[in-house]
Each structure stands twice: as structure tokens, then as C-alpha cells.
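**Student:** Let me begin by handing over the structure; questions about it come next.
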Amino acid sequence: MKKEMMGLLTTGLLLTGCTSASTAVSATAAASADASAATAAGTSALGYNKIVVGLDDTFAPMGFRDDSGNLTGFDVELAQAAGKALGIEVEFQPIDWSLKETELNQGNIDCIWNGYSITEDRKQQVLFSDSYLENRQIIVVLADSAVASKADLAGRTVAVQKESSALEAVTTDAEFTAALKGGAPVEYDTNNDCFTDLEQGRADAIVVDEVLARYVMKQKGEEKYKVLDDNFGTEQYAVGFRKSDTALCEAINGVLKQFQNDGTYSSIYAKWFSEN
């Protein structure tokens, strides 16, 4: 990801906290401690030796497989650093993204940490950490497409990932959705499938997270695509926990704040969203 992404993403932690005002105070206090104190406090509060992180392993650059098949990405490195700070092992578990909340609440994973956007619907199902990155849901078409606006997509086919915030953004805009061919977007298991659908001409446009879209377009050749000025607004990425896991949520909030203060966050951010 190159320098153009720097203007599109927010590096500061947006304190939209996971519980009450007292929790925010607790997280702030933990953040002000040094690394060893944060580790000791986090471990004693959690009683965890390991946490299992659920992710979509095709969601570049947040969490995906490199050419050797190893998991890598911004969220992967951030979660690994958090585990180290808390003195607990972090294990990554690829999951069906359409079943992520089910996997979490059935205990198969301990958190969802992979470009997971805060939405009103998801707030009913999970406990969110403080947000740590800003994103937009953008509309991508092929470079030679006649489509130049949302209005131009009336009667056309739009592809989105199943159970994604892109799907929620599109379907929340009832007028836009009703005007689509078939009265609904076409849903695919992964965003990679959406890009393939677009490239093969089965979809006229895709709605997708900007952090992923910019990365994918850079790899495939940016000249092949066009991003519309119209979009579906900004959203915030956060970590999702079971509603009962307040201690784990508070511990991660404290570490994220600590990372913001000690430069850890900036270092990981620069690796994935800047030439430098």
C-alpha cells in the first residue's frame, strides 16, 4: 500500500470504548503504564494462556496469506504484538466470514480481528474494542466502464461479500438497492470473488472496503480500475469479542492505547500503508 492510502486512513485510536465510562478510565490507566506493567495487569485480569483470533485469510492487507502461504498483514501483526505485550499466545483461525459471529459466540474463536467494521447490527451480537482504523466502503468499476456515479448503477449488477459491512451499507440504502438489477446485490464468499466477477464482466461494479480495494488494485494494476467519487461513507475497524469478555476487551484497549503512545502502532501502520 502506497502513500495515497495515508490520506484515507486514520491512525489515531478513536475511543468509542467497549463498555462504560469507568472502562474508558481503566483502559486509559492501563495505557499509561509501561510495557511490563501492562503485561502483568493484562495476564492477571485475563487468566488466558492463548487467544484464538478469527479472520478471513483473503482480506489483504489486514490478514491474508503471502506467497509462501503464511498469514501476514496489518491486523495479524497488531494482534501478535498485543499478545506479546499481554504475555499470551495468539493463534489465528481462518473462518467463514459469513459465520464469524456464530464462531465467536459458540467459543470456537475468542475474537474477530480482521478489518471488522463497527455496525449497529453487529453491536447487538458482539462487544467491540475501541476503534483503531478508519475505512470507507467504495464503489469500484472497470476503467472503461460508462458508470460514473451511484445513479448510473440503476438496472445493473453490483457484487459484495456475504455478511460484510459492504453488504450492510448497500442494503441500508433502500433506494439504491431497489434500483439494482434483481433488486439486490449479488453476494460472494470473498472479496477476491467479487473482483473476479467484475473482471469477467458478470458484475458492473463492486462495493468493497477501501483498504482491501486499494491493495488489490495495486497488485493487479491500478490502470484496470476506476473508483467512483460516490461511496457509502466511512466506518471504523475494531476488535469483536463475546459480550461476556469485558476483561479481555479492556486489556486489548489498554494495549492498543499503549501502542499508540509508544510508537508500536505507527511502526506497523507505516509498514502496510506507506512506502516508508
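Residues are named by chain letter and number: chains run A, B, ... in the order of the C-alpha cells, numbers start at 1 in each chain, and ligands are numbered from 1 in the order shown.
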When DSSP works through the backbone of this structure, what residues of range 101-216 of chain A end up as helix (DSSP H, G or I), shown as a ChimeraX atom specification?

**Tutor:** /A:101-105,120-123,151-153,165-172,174-179,181-183,191-199,210-216

**Student:** List every residue of range 144-198 of chain A that has an atom at most 10 Å from any atom of range 118-122 of chain A, and for each one report the closest atom pair and its distance in Å to one decimal, counting only C-alpha atoms, with rows sorted by chain and then by increasing residue number, as a Markdown table.

**Tutor:**
```
| residue | atom | partner | partner_atom | distance |
| --- | --- | --- | --- | --- |
| A:Ser165 | CA | A:Thr119 | CA | 7.3 |
| A:Glu168 | CA | A:Thr119 | CA | 8.4 |
| A:Ala169 | CA | A:Thr119 | CA | 9.3 |
```

**Student:** Could those residues be written to a file, using C-alpha atoms, as a PDB file, in the first residue's frame?

**Tutor:**
```pdb
ATOM      1  CA  SER A 165     -20.192  -4.239   6.108  1.00  0.00           C
ATOM      2  CA  GLU A 168     -24.953  -3.759   5.071  1.00  0.00           C
ATOM      3  CA  ALA A 169     -24.004  -0.391   3.588  1.00  0.00           C
TER       4      ALA A 169
END
```

**Student:** Wanna dump the range 151-254 of chain A-range 123-141 of chain A contacts at 6 Å for me, each residue with its shortest atom pair and the distance in Å to one decimal, counting only C-alpha atoms, ordered by chain and number, as CSV?

**Tutor:**
```
residue,atom,partner,partner_atom,distance
A:Ala205,CA,A:Val141,CA,4.7
A:Ile206,CA,A:Val140,CA,5.4
A:Val207,CA,A:Ile139,CA,4.6
A:Val208,CA,A:Gln137,CA,5.4
A:Asp209,CA,A:Gln137,CA,4.8
A:Glu210,CA,A:Arg136,CA,5.4
A:Tyr225,CA,A:Val141,CA,5.8
A:Lys226,CA,A:Val141,CA,5.3
A:Val227,CA,A:Val140,CA,4.7
A:Leu228,CA,A:Ile139,CA,5.7
A:Asn231,CA,A:Ile138,CA,4.7
A:Phe232,CA,A:Gln137,CA,5.2
A:Gly233,CA,A:Arg136,CA,5.6
A:Thr234,CA,A:Arg136,CA,4.3
A:Glu235,CA,A:Asn135,CA,5.3
A:Gln236,CA,A:Glu134,CA,4.7
A:Tyr237,CA,A:Leu133,CA,5.2
A:Ala238,CA,A:Ser131,CA,4.4
A:Val239,CA,A:Ser129,CA,5.2
A:Gly240,CA,A:Phe128,CA,4.7
A:Phe241,CA,A:Leu127,CA,4.9
A:Arg242,CA,A:Val126,CA,5.3
A:Lys243,CA,A:Leu127,CA,4.7
A:Cys249,CA,A:Ser129,CA,5.7
```

**Student:** Please return as a count of residues only: the residues of range 7-214 of chain A that backbone DSSP assigns to strand (DSSP E or B).

**Tutor:** 48

**Student:** Between A:Trp97, A:Ser266, A:Val158, A:Asp152, which has the minimum distance to Arg202 in chain A (counting only C-alpha atoms)?

**Tutor:**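 Looking only at the distances to Arg202 in chain A, the closest residue turns out to be A:Val158.
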
**Student:** For range 62-173 of chain A versus range 51-57 of chain A, which residues have an atom no more than 12 Å away, and what is each residue's nearest atom pair and distance in Å rounded to one decimal, using only C-alpha atoms, chain-then-number order, as a Markdown table?

**Tutor:**
```
| residue | atom | partner | partner_atom | distance |
| --- | --- | --- | --- | --- |
| A:Met62 | CA | A:Asp57 | CA | 8.7 |
| A:Gly63 | CA | A:Asp57 | CA | 5.5 |
| A:Phe64 | CA | A:Asp57 | CA | 4.2 |
| A:Arg65 | CA | A:Asp57 | CA | 6.3 |
| A:Asp66 | CA | A:Asp57 | CA | 10.0 |
| A:Gly69 | CA | A:Asp57 | CA | 10.1 |
| A:Asn70 | CA | A:Asp57 | CA | 9.8 |
| A:Leu71 | CA | A:Asp57 | CA | 7.2 |
| A:Thr72 | CA | A:Asp57 | CA | 8.8 |
| A:Gly73 | CA | A:Asp57 | CA | 9.6 |
| A:Asp75 | CA | A:Leu55 | CA | 9.4 |
| A:Val76 | CA | A:Val53 | CA | 9.0 |
| A:Glu77 | CA | A:Val53 | CA | 12.0 |
| A:Leu78 | CA | A:Val53 | CA | 11.6 |
| A:Ala79 | CA | A:Val53 | CA | 8.2 |
| A:Gln80 | CA | A:Val53 | CA | 10.0 |
| A:Ala82 | CA | A:Ile51 | CA | 10.7 |
| A:Gly83 | CA | A:Ile51 | CA | 8.2 |
| A:Lys84 | CA | A:Ile51 | CA | 11.5 |
| A:Leu86 | CA | A:Ile51 | CA | 10.8 |
| A:Gly87 | CA | A:Ile51 | CA | 10.9 |
| A:Ile88 | CA | A:Ile51 | CA | 7.3 |
| A:Glu89 | CA | A:Ile51 | CA | 6.4 |
| A:Val90 | CA | A:Ile51 | CA | 5.2 |
| A:Glu91 | CA | A:Val52 | CA | 4.8 |
| A:Phe92 | CA | A:Val53 | CA | 4.8 |
| A:Gln93 | CA | A:Gly54 | CA | 4.9 |
| A:Pro94 | CA | A:Leu55 | CA | 5.0 |
| A:Ile95 | CA | A:Leu55 | CA | 5.8 |
| A:Asp96 | CA | A:Asp56 | CA | 6.9 |
| A:Trp97 | CA | A:Asp56 | CA | 5.9 |
| A:Ser98 | CA | A:Asp56 | CA | 9.7 |
| A:Leu99 | CA | A:Gly54 | CA | 10.4 |
| A:Lys100 | CA | A:Gly54 | CA | 7.3 |
| A:Glu101 | CA | A:Gly54 | CA | 9.7 |
| A:Thr102 | CA | A:Gly54 | CA | 11.0 |
| A:Glu103 | CA | A:Gly54 | CA | 8.1 |
| A:Leu104 | CA | A:Gly54 | CA | 7.9 |
| A:Asn105 | CA | A:Gly54 | CA | 11.6 |
| A:Gly107 | CA | A:Val52 | CA | 9.5 |
| A:Asn108 | CA | A:Val52 | CA | 7.9 |
| A:Ile109 | CA | A:Val52 | CA | 5.0 |
| A:Asp110 | CA | A:Val52 | CA | 5.1 |
| A:Cys111 | CA | A:Val53 | CA | 5.2 |
| A:Ile112 | CA | A:Gly54 | CA | 4.9 |
| A:Trp113 | CA | A:Val53 | CA | 6.2 |
| A:Asn114 | CA | A:Leu55 | CA | 5.3 |
| A:Gly115 | CA | A:Leu55 | CA | 8.7 |
| A:Tyr116 | CA | A:Leu55 | CA | 9.1 |
| A:Gln161 | CA | A:Asp56 | CA | 11.3 |
| A:Lys162 | CA | A:Asp56 | CA | 11.8 |
| A:Glu163 | CA | A:Asp56 | CA | 11.9 |
| A:Ser164 | CA | A:Asp56 | CA | 11.0 |
```

**Student:** Put those residues in a file: C-alpha atoms, as a compact mmCIF listing (two decimals), in the first residue's frame.

**Tutor:**
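Here's the written file selection01.txt:
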```
# COMPACT_ATOMS: atom_id res chain seq x y z
CA MET A 62 -5.33 -6.77 7.06
CA GLY A 63 -4.98 -10.54 7.30
CA PHE A 64 -4.05 -12.76 4.34
CA ARG A 65 -1.59 -15.37 3.08
CA ASP A 66 1.71 -14.39 1.50
CA GLY A 69 1.15 -19.45 2.44
CA ASN A 70 1.96 -17.75 5.74
CA LEU A 71 -0.53 -15.45 7.44
CA THR A 72 0.52 -11.83 7.42
CA GLY A 73 -0.96 -8.34 7.35
CA ASP A 75 -4.13 -6.86 11.81
CA VAL A 76 -2.08 -10.04 12.12
CA GLU A 77 0.99 -8.07 13.22
CA LEU A 78 -1.05 -5.84 15.53
CA ALA A 79 -2.67 -8.87 17.21
CA GLN A 80 0.70 -10.60 17.57
CA ALA A 82 -0.82 -7.31 21.56
CA GLY A 83 -0.37 -10.93 22.58
CA LYS A 84 3.31 -10.34 23.29
CA LEU A 86 -0.06 -9.23 27.39
CA GLY A 87 2.13 -12.30 27.74
CA ILE A 88 -0.31 -14.62 25.95
CA GLU A 89 -0.08 -16.71 22.78
CA VAL A 90 -2.11 -15.62 19.75
CA GLU A 91 -3.40 -18.31 17.39
CA PHE A 92 -5.08 -17.39 14.10
CA GLN A 93 -8.07 -19.36 12.86
CA PRO A 94 -9.37 -18.78 9.30
CA ILE A 95 -13.18 -18.80 9.34
CA ASP A 96 -16.13 -18.48 7.01
CA TRP A 97 -16.71 -14.71 7.26
CA SER A 98 -20.46 -15.16 6.94
CA LEU A 99 -20.40 -17.18 10.19
CA LYS A 100 -17.96 -15.04 12.16
CA GLU A 101 -20.32 -14.04 14.99
CA THR A 102 -21.54 -17.63 15.28
CA GLU A 103 -17.94 -18.88 15.54
CA LEU A 104 -17.28 -16.28 18.23
CA ASN A 105 -20.34 -16.90 20.34
CA GLY A 107 -16.49 -20.36 21.57
CA ASN A 108 -14.58 -21.57 18.51
CA ILE A 109 -12.64 -18.28 18.46
CA ASP A 110 -12.03 -15.65 21.14
CA CYS A 111 -12.22 -12.54 18.98
CA ILE A 112 -12.73 -11.28 15.44
CA TRP A 113 -9.74 -9.16 14.41
CA ASN A 114 -9.56 -8.65 10.67
CA GLY A 115 -10.84 -5.36 9.26
CA TYR A 116 -14.02 -5.85 11.31
CA GLN A 161 -19.01 -10.07 0.04
CA LYS A 162 -21.53 -12.06 2.09
CA GLU A 163 -22.23 -10.78 5.62
CA SER A 164 -19.84 -7.87 5.10
```

**Student:** With distances taken over only C-alpha atoms, which residue among A:Ala154, A:Ala179, A:Ala85, A:Val160 lies nearest Phe195 in chain A?

**Tutor:**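 With only C-alpha atoms as the atom set, the closest residue is A:Val160.
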
**Student:** My list of candidates is A:Ala251, A:Ile268, A:Ala146, A:Leu256. Which is closest to Tyr48 in chain A when distances are computed with only C-alpha atoms?

**Tutor:**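 Among the listed residues, A:Ala251 lies closest to Tyr48 in chain A.
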
**Student:** For each of A:Ala166, A:Ala174, A:Leu198, A:Ala184, take the minimum atom-to-atom distance to Ser145 in chain A, counting only C-alpha atoms, then give the residue where this is smallest.

**Tutor:** A:Leu198

**Student:** Any idea what the distance is between CA of Met217 in chain A and CA of Thr172 in chain A?

**Tutor:**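 Computed distance, CA of Met217 in chain A to CA of Thr172 in chain A, equals 26.3 Å.
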